[in-house]
>>> print(open('my_file-v4.txt').read())   # compact mmCIF, C-alpha atoms and all ligand atoms
# COMPACT_ATOMS: atom_id res chain seq x y z
CA MET A 1 0.00 0.00 0.00
CA LYS A 2 2.81 2.29 0.96
CA ILE A 3 4.56 1.70 -2.38
CA TYR A 4 1.41 2.50 -4.33
CA PHE A 5 0.97 5.70 -2.41
CA SER A 6 4.57 6.77 -3.10
CA LEU A 7 4.22 5.97 -6.77
CA PHE A 8 1.03 7.95 -6.99
CA PHE A 9 2.59 10.86 -5.16
CA PHE A 10 5.63 10.84 -7.42
CA ALA A 11 3.40 10.76 -10.50
CA PHE A 12 1.48 13.72 -9.12
CA LEU A 13 4.66 15.73 -8.60
CA ALA A 14 5.96 14.92 -12.06
CA CYS A 15 2.69 15.83 -13.81
CA ASN A 16 1.85 19.02 -12.00
CA PRO A 17 3.27 21.87 -14.09
CA GLY A 18 1.17 24.60 -12.52
CA GLY A 19 1.39 23.36 -8.94
CA SER A 20 3.53 24.67 -6.13
CA VAL A 21 5.96 21.75 -6.32
CA LYS A 22 7.86 22.10 -9.59
CA LYS A 23 10.99 20.12 -8.90
CA VAL A 24 11.41 16.80 -10.64
CA ALA A 25 13.38 14.05 -9.00
CA HIS A 26 15.65 12.33 -11.49
CA LYS A 27 18.41 9.91 -10.61
CA ASP A 28 21.45 11.10 -12.48
CA SER A 29 24.75 10.14 -10.92
CA SER A 30 26.82 12.38 -13.21
CA LYS A 31 28.82 15.41 -12.14
CA MET A 32 28.60 18.81 -13.79
CA ALA A 33 31.15 21.62 -13.65
CA LEU A 34 29.82 25.19 -13.73
CA LEU A 35 32.19 27.79 -15.14
CA PRO A 36 31.47 31.54 -14.77
CA ILE A 37 32.81 33.24 -17.92
CA GLY A 38 33.35 36.97 -17.46
CA ASN A 39 31.25 39.08 -15.13
CA VAL A 40 28.74 36.68 -13.55
CA ASP A 41 27.10 37.24 -10.17
CA SER A 42 28.30 34.55 -7.71
CA GLN A 43 24.82 34.34 -6.16
CA ARG A 44 23.42 33.52 -9.60
CA MET A 45 25.96 30.70 -9.93
CA VAL A 46 24.81 29.22 -6.61
CA ILE A 47 21.12 29.45 -7.58
CA ILE A 48 21.72 27.69 -10.93
CA ALA A 49 23.87 25.04 -9.21
CA GLU A 50 21.17 24.27 -6.64
CA GLU A 51 18.40 24.13 -9.22
CA LEU A 52 20.36 21.77 -11.49
CA ARG A 53 21.14 19.51 -8.55
CA ASP A 54 17.51 19.45 -7.38
CA PHE A 55 16.04 18.98 -10.85
CA TYR A 56 18.35 16.39 -12.42
CA GLY A 57 19.86 14.91 -9.25
CA MET A 58 23.42 15.43 -10.54
CA SER A 59 26.25 16.72 -8.39
CA ILE A 60 27.65 20.15 -9.18
CA ARG A 61 31.04 21.77 -8.84
CA ILE A 62 31.40 25.53 -9.33
CA LEU A 63 34.78 26.37 -10.90
CA PRO A 64 36.73 29.60 -10.29
CA PRO A 65 35.70 32.37 -12.75
CA GLY A 66 37.38 32.26 -16.16
CA GLY A 67 37.99 34.99 -18.75
CA TYR A 68 36.20 35.37 -22.08
CA PHE A 69 37.16 33.03 -24.91
CA LYS A 70 38.73 35.54 -27.30
CA GLN A 71 38.93 32.94 -30.10
CA ALA A 72 35.12 32.77 -30.11
CA LYS A 73 34.68 36.53 -30.54
CA LEU A 74 33.23 37.91 -33.77
CA GLU A 75 35.64 40.50 -35.13
CA ASN A 76 34.87 44.16 -34.36
CA THR A 77 31.89 43.24 -32.16
CA ASN A 78 31.28 42.16 -28.57
CA ARG A 79 29.46 39.06 -29.74
CA TYR A 80 30.64 35.48 -29.27
CA SER A 81 29.98 32.30 -31.26
CA ALA A 82 28.22 29.88 -28.90
CA SER A 83 29.32 26.80 -30.87
CA SER A 84 32.96 27.98 -30.71
CA ILE A 85 32.60 28.41 -26.94
CA LEU A 86 31.28 24.83 -26.69
CA SER A 87 34.42 23.54 -28.47
CA LEU A 88 36.64 25.69 -26.24
CA LEU A 89 34.91 24.37 -23.10
CA LYS A 90 35.97 20.77 -23.90
CA PRO A 91 39.56 21.05 -22.64
CA VAL A 92 38.45 23.18 -19.67
CA LYS A 93 36.20 20.46 -18.24
CA PRO A 94 37.90 18.91 -15.19
CA ALA A 95 38.63 15.19 -15.59
CA ASP A 96 36.42 14.26 -12.64
CA CYS A 97 33.37 15.99 -14.16
CA ASP A 98 31.15 14.46 -16.84
CA ARG A 99 29.89 17.75 -18.26
CA ILE A 100 30.54 21.47 -18.19
CA LEU A 101 28.13 24.41 -18.28
CA GLY A 102 29.52 27.87 -19.03
CA ILE A 103 27.58 30.85 -17.70
CA THR A 104 28.40 34.20 -19.26
CA ASP A 105 27.24 37.82 -19.50
CA VAL A 106 28.22 38.44 -23.13
CA ASP A 107 26.02 38.23 -26.21
CA ILE A 108 26.19 34.76 -27.77
CA PHE A 109 24.95 33.72 -31.21
CA THR A 110 24.54 30.73 -33.44
CA SER A 111 23.61 30.15 -37.07
CA LYS A 112 19.87 29.70 -37.48
CA GLU A 113 17.51 29.14 -40.38
CA VAL A 114 14.19 30.96 -40.15
CA LYS A 115 11.66 30.45 -42.96
CA GLY A 116 14.36 29.44 -45.42
CA VAL A 117 16.70 32.33 -44.58
CA VAL A 118 19.96 31.55 -42.79
CA TYR A 119 20.99 34.05 -40.13
CA PRO A 120 24.67 33.40 -39.29
CA HIS A 121 24.67 35.45 -36.07
CA TRP A 122 21.31 34.77 -34.46
CA GLY A 123 21.30 35.91 -30.81
CA ILE A 124 20.43 33.16 -28.32
CA PHE A 125 20.02 32.52 -24.58
CA GLY A 126 21.99 29.29 -24.61
CA LEU A 127 23.29 26.31 -26.58
CA GLY A 128 24.06 22.71 -25.69
CA THR A 129 25.42 19.67 -27.51
CA MET A 130 22.91 16.81 -27.84
CA PRO A 131 23.69 14.40 -26.41
CA GLY A 132 26.90 15.87 -25.16
CA ARG A 133 29.09 17.26 -22.45
CA GLU A 134 29.19 21.02 -23.02
CA CYS A 135 26.61 23.78 -22.78
CA ILE A 136 26.57 27.54 -22.45
CA VAL A 137 23.99 30.06 -21.20
CA SER A 138 24.08 33.87 -21.26
CA ASP A 139 22.15 36.49 -19.32
CA PHE A 140 22.78 39.12 -22.00
CA ARG A 141 19.21 38.92 -23.38
CA LEU A 142 17.63 38.19 -19.99
CA ARG A 143 19.07 40.93 -17.77
CA LYS A 144 16.29 43.33 -18.74
CA PHE A 145 13.76 41.16 -16.88
CA GLY A 146 15.02 42.28 -13.46
CA LYS A 147 13.74 39.98 -10.75
CA LYS A 148 12.76 37.34 -13.30
CA THR A 149 16.27 37.10 -14.73
CA ASN A 150 17.45 34.37 -12.36
CA GLU A 151 14.25 32.40 -12.91
CA PHE A 152 14.75 32.55 -16.69
CA MET A 153 18.47 31.74 -16.41
CA VAL A 154 17.54 28.60 -14.47
CA LEU A 155 15.01 27.58 -17.17
CA VAL A 156 17.61 28.09 -19.92
CA ALA A 157 20.26 26.15 -17.95
CA LEU A 158 17.84 23.25 -17.33
CA HIS A 159 16.97 23.33 -21.06
CA GLU A 160 20.59 23.24 -22.28
CA VAL A 161 21.54 20.51 -19.81
CA GLY A 162 18.44 18.66 -21.07
CA HIS A 163 20.01 18.74 -24.56
CA ASN A 164 23.26 17.35 -23.06
CA LEU A 165 21.20 14.53 -21.57
CA GLY A 166 19.77 13.71 -25.01
CA LEU A 167 16.49 15.65 -24.99
CA PRO A 168 15.55 17.31 -28.32
CA HIS A 169 13.15 20.28 -28.59
CA CYS A 170 9.58 19.55 -27.61
CA ASP A 171 6.28 21.19 -28.59
CA LYS A 172 3.95 18.83 -26.71
CA HIS A 173 3.13 21.19 -23.84
CA PRO A 174 3.66 24.97 -23.48
CA HIS A 175 4.92 24.46 -19.90
CA CYS A 176 7.61 21.92 -20.90
CA LEU A 177 11.06 23.44 -20.49
CA MET A 178 12.32 21.76 -23.68
CA ASN A 179 10.27 24.13 -25.88
CA ASP A 180 12.43 26.01 -28.39
CA ALA A 181 12.62 29.63 -27.16
CA LYS A 182 13.71 30.73 -30.68
CA GLY A 183 15.59 33.65 -29.12
CA THR A 184 12.49 35.34 -27.68
CA ALA A 185 11.51 35.40 -24.03
CA LYS A 186 7.84 34.79 -24.88
CA THR A 187 8.37 31.04 -24.55
CA LEU A 188 10.17 31.44 -21.22
CA PHE A 189 7.13 33.17 -19.71
CA GLN A 190 5.11 30.01 -20.47
CA GLU A 191 7.63 27.46 -19.30
CA LYS A 192 7.84 25.89 -15.85
CA LYS A 193 10.60 23.95 -14.16
CA TRP A 194 8.91 20.89 -15.56
CA LEU A 195 9.30 18.25 -18.27
CA CYS A 196 6.26 16.81 -20.07
CA GLY A 197 5.59 13.07 -19.96
CA SER A 198 7.18 12.49 -23.35
CA CYS A 199 10.46 14.22 -22.37
CA ARG A 200 10.54 12.48 -18.99
CA LYS A 201 10.21 9.12 -20.73
CA LYS A 202 13.20 9.92 -22.96
CA LEU A 203 15.20 11.05 -19.94
CA ASP A 204 14.43 7.91 -17.94
CA ARG A 205 15.31 5.54 -20.80
ZN ZN B 301 17.24 24.17 -27.23
ZN ZN B 302 8.46 17.99 -23.43
>>> encode(input="my_file-v4.txt", output="structure tokens")
Amino acid sequence: MKIYFSLFFFAFLACNPGGSVKKVAHKDSSKMALLPIGNVDSQRMVIIAEELRDFYGMSIRILPPGGYFKQAKLENTNRYSASSILSLLKPVKPADCDRILGITDVDIFTSKEVKGVVYPHWGIFGLGTMPGRECIVSDFRLRKFGKKTNEFMVLVALHEVGHNLGLPHCDKHPHCLMNDAKGTAKTLFQEKKWLCGSCRKKLDR
């Protein structure tokens, strides 16, 4: 009886996007390194670390702050190629960590096709290899949201780590954090710290 109750309770937690309990328990024994790149608030690092640990169940190690990756910088701008940063993060990942998440304050971009037109420098919130070991998030486009910035940074970090864990984009539920934000915060306002049933199934496989 006890087991049934626990199972039911767990199912309730996992399927309750609008409820007060948003955290999802997931058994992931991996270890993730968090690297502040540039001028990143240390409190923000701690918040993201705690949320990743609570959501995915992985252990987290915050690394000492690192400088910007100059090789990833687009000439004559203050913009950085997110995919170049991902490549440059590879050798920075400590040997005892399975993955690395960079958190930065500079504008990051990737190449994106929208309605048949390729934009080589499309501004983004974050990028992650899928499946993979490196991801990056930036507060550059989220700072304007004031008190909501940390909340949105957490959603983007959970999303990019989700890609690392093998989750593709999802359009099954507006609250699912694997929705593609497409560079606008509109999607983030809809999302919760929650994965839909379909994404959870992929994660638990
Ligand atoms: Zn994504
Ligand atoms: Zn989903």
>>> closest_atom_pairs(input="my_file-v4.txt", of="range 101-174 of chain A", to="range 31-46 of chain A", cutoff="10 Å", atoms="all atoms listed in the file", output="Markdown table")
| residue | atom | partner | partner_atom | distance |
| --- | --- | --- | --- | --- |
| A:Leu101 | CA | A:Leu34 | CA | 4.9 |
| A:Gly102 | CA | A:Leu35 | CA | 4.7 |
| A:Ile103 | CA | A:Pro36 | CA | 4.9 |
| A:Thr104 | CA | A:Ile37 | CA | 4.7 |
| A:Asp105 | CA | A:Asn39 | CA | 6.1 |
| A:Val106 | CA | A:Gly38 | CA | 7.8 |
| A:Arg133 | CA | A:Met32 | CA | 8.8 |
| A:Glu134 | CA | A:Met32 | CA | 9.5 |
| A:Cys135 | CA | A:Leu34 | CA | 9.7 |
| A:Ile136 | CA | A:Leu35 | CA | 9.2 |
| A:Val137 | CA | A:Ile37 | CA | 9.9 |
| A:Ser138 | CA | A:Ile37 | CA | 9.4 |
| A:Asp139 | CA | A:Val40 | CA | 8.8 |
| A:Thr149 | CA | A:Arg44 | CA | 9.5 |
| A:Asn150 | CA | A:Arg44 | CA | 6.6 |
| A:Glu151 | CA | A:Arg44 | CA | 9.8 |
| A:Met153 | CA | A:Arg44 | CA | 8.6 |
| A:Val154 | CA | A:Arg44 | CA | 9.1 |
| A:Val161 | CA | A:Met32 | CA | 9.4 |
>>> atom_distance(input="my_file-v4.txt", atom1="CA of Cys170 in chain A", atom2="CA of Cys199 in chain A")
7.5 Å
>>> residues_around(input="my_file-v4.txt", residues="range 78-80 of chain A", least_positions_apart="6", cutoff="6 Å", atoms="all atoms listed in the file", output="list in words")
Ala72, Asp107 and Ile108 of chain A
>>> residues_near_point(input="my_file-v4.txt", point="(9.5, 13.8, -20.8)", cutoff="12 Å", atoms="only C-alpha atoms", output="PyMOL selection string")
chain A and resi 14-15+24+26+162+165-173+175-179+194-205
>>> residues_near_ligand(input="my_file-v4.txt", ligand="ligand ZN 301 (chain B)", cutoff="7 Å", atoms="all atoms listed in the file", output="PDB file with C-alpha atoms, in the frame of the given file")
ATOM      1  CA  LEU A 127      23.290  26.310 -26.580  1.00  0.00           C
ATOM      2  CA  HIS A 159      16.970  23.330 -21.060  1.00  0.00           C
ATOM      3  CA  GLU A 160      20.590  23.240 -22.280  1.00  0.00           C
ATOM      4  CA  HIS A 163      20.010  18.740 -24.560  1.00  0.00           C
ATOM      5  CA  HIS A 169      13.150  20.280 -28.590  1.00  0.00           C
ATOM      6  CA  MET A 178      12.320  21.760 -23.680  1.00  0.00           C
ATOM      7  CA  ASP A 180      12.430  26.010 -28.390  1.00  0.00           C
TER       8      ASP A 180
END
>>> atom_distance(input="my_file-v4.txt", atom1="CA of Gly123 in chain A", atom2="CA of Leu74 in chain A")
12.5 Å
>>> closest_residue(input="my_file-v4.txt", among="A:Phe55, A:Phe152, A:Phe69, A:Tyr119", to="Leu86 in chain A", atoms="all atoms listed in the file")
A:Phe69
>>> residues_around(input="my_file-v4.txt", residues="Thr184 in chain A", least_positions_apart="4", cutoff="12 Å", atoms="all atoms listed in the file", output="ChimeraX atom specification")
/A:122-126,141-142,152,156,179-180,188-190
>>> atom_distance(input="my_file-v4.txt", atom1="CA of Ile60 in chain A", atom2="CA of Met130 in chain A")
19.5 Å
>>> closest_residue(input="my_file-v4.txt", among="A:Pro94, A:Arg99, A:Lys112, A:Thr187", to="Asn164 in chain A", atoms="only C-alpha atoms")
A:Arg99
>>> closest_residue(input="my_file-v4.txt", among="A:Pro174, A:Pro131, A:Pro120, A:Gly66", to="ligand ZN 302 (chain B)", atoms="all atoms listed in the file")
A:Pro174
>>> residues_around(input="my_file-v4.txt", residues="Met58 in chain A", least_positions_apart="5", cutoff="8 Å", atoms="all atoms listed in the file", output="ChimeraX atom specification")
/A:27-32,52-53
>>> closest_residue(input="my_file-v4.txt", among="A:Lys192, A:Gly183, A:Ala82, A:Glu50", to="ligand ZN 302 (chain B)", atoms="all atoms listed in the file")
A:Lys192
>>> closest_residue(input="my_file-v4.txt", among="A:Gly132, A:Gly146, A:Gly57, A:Pro65", to="Lys90 in chain A", atoms="only C-alpha atoms")
A:Gly132
>>> closest_residue(input="my_file-v4.txt", among="A:Leu155, A:Leu89, A:Lys144, A:Ser81", to="Gly67 in chain A", atoms="only C-alpha atoms")
A:Leu89
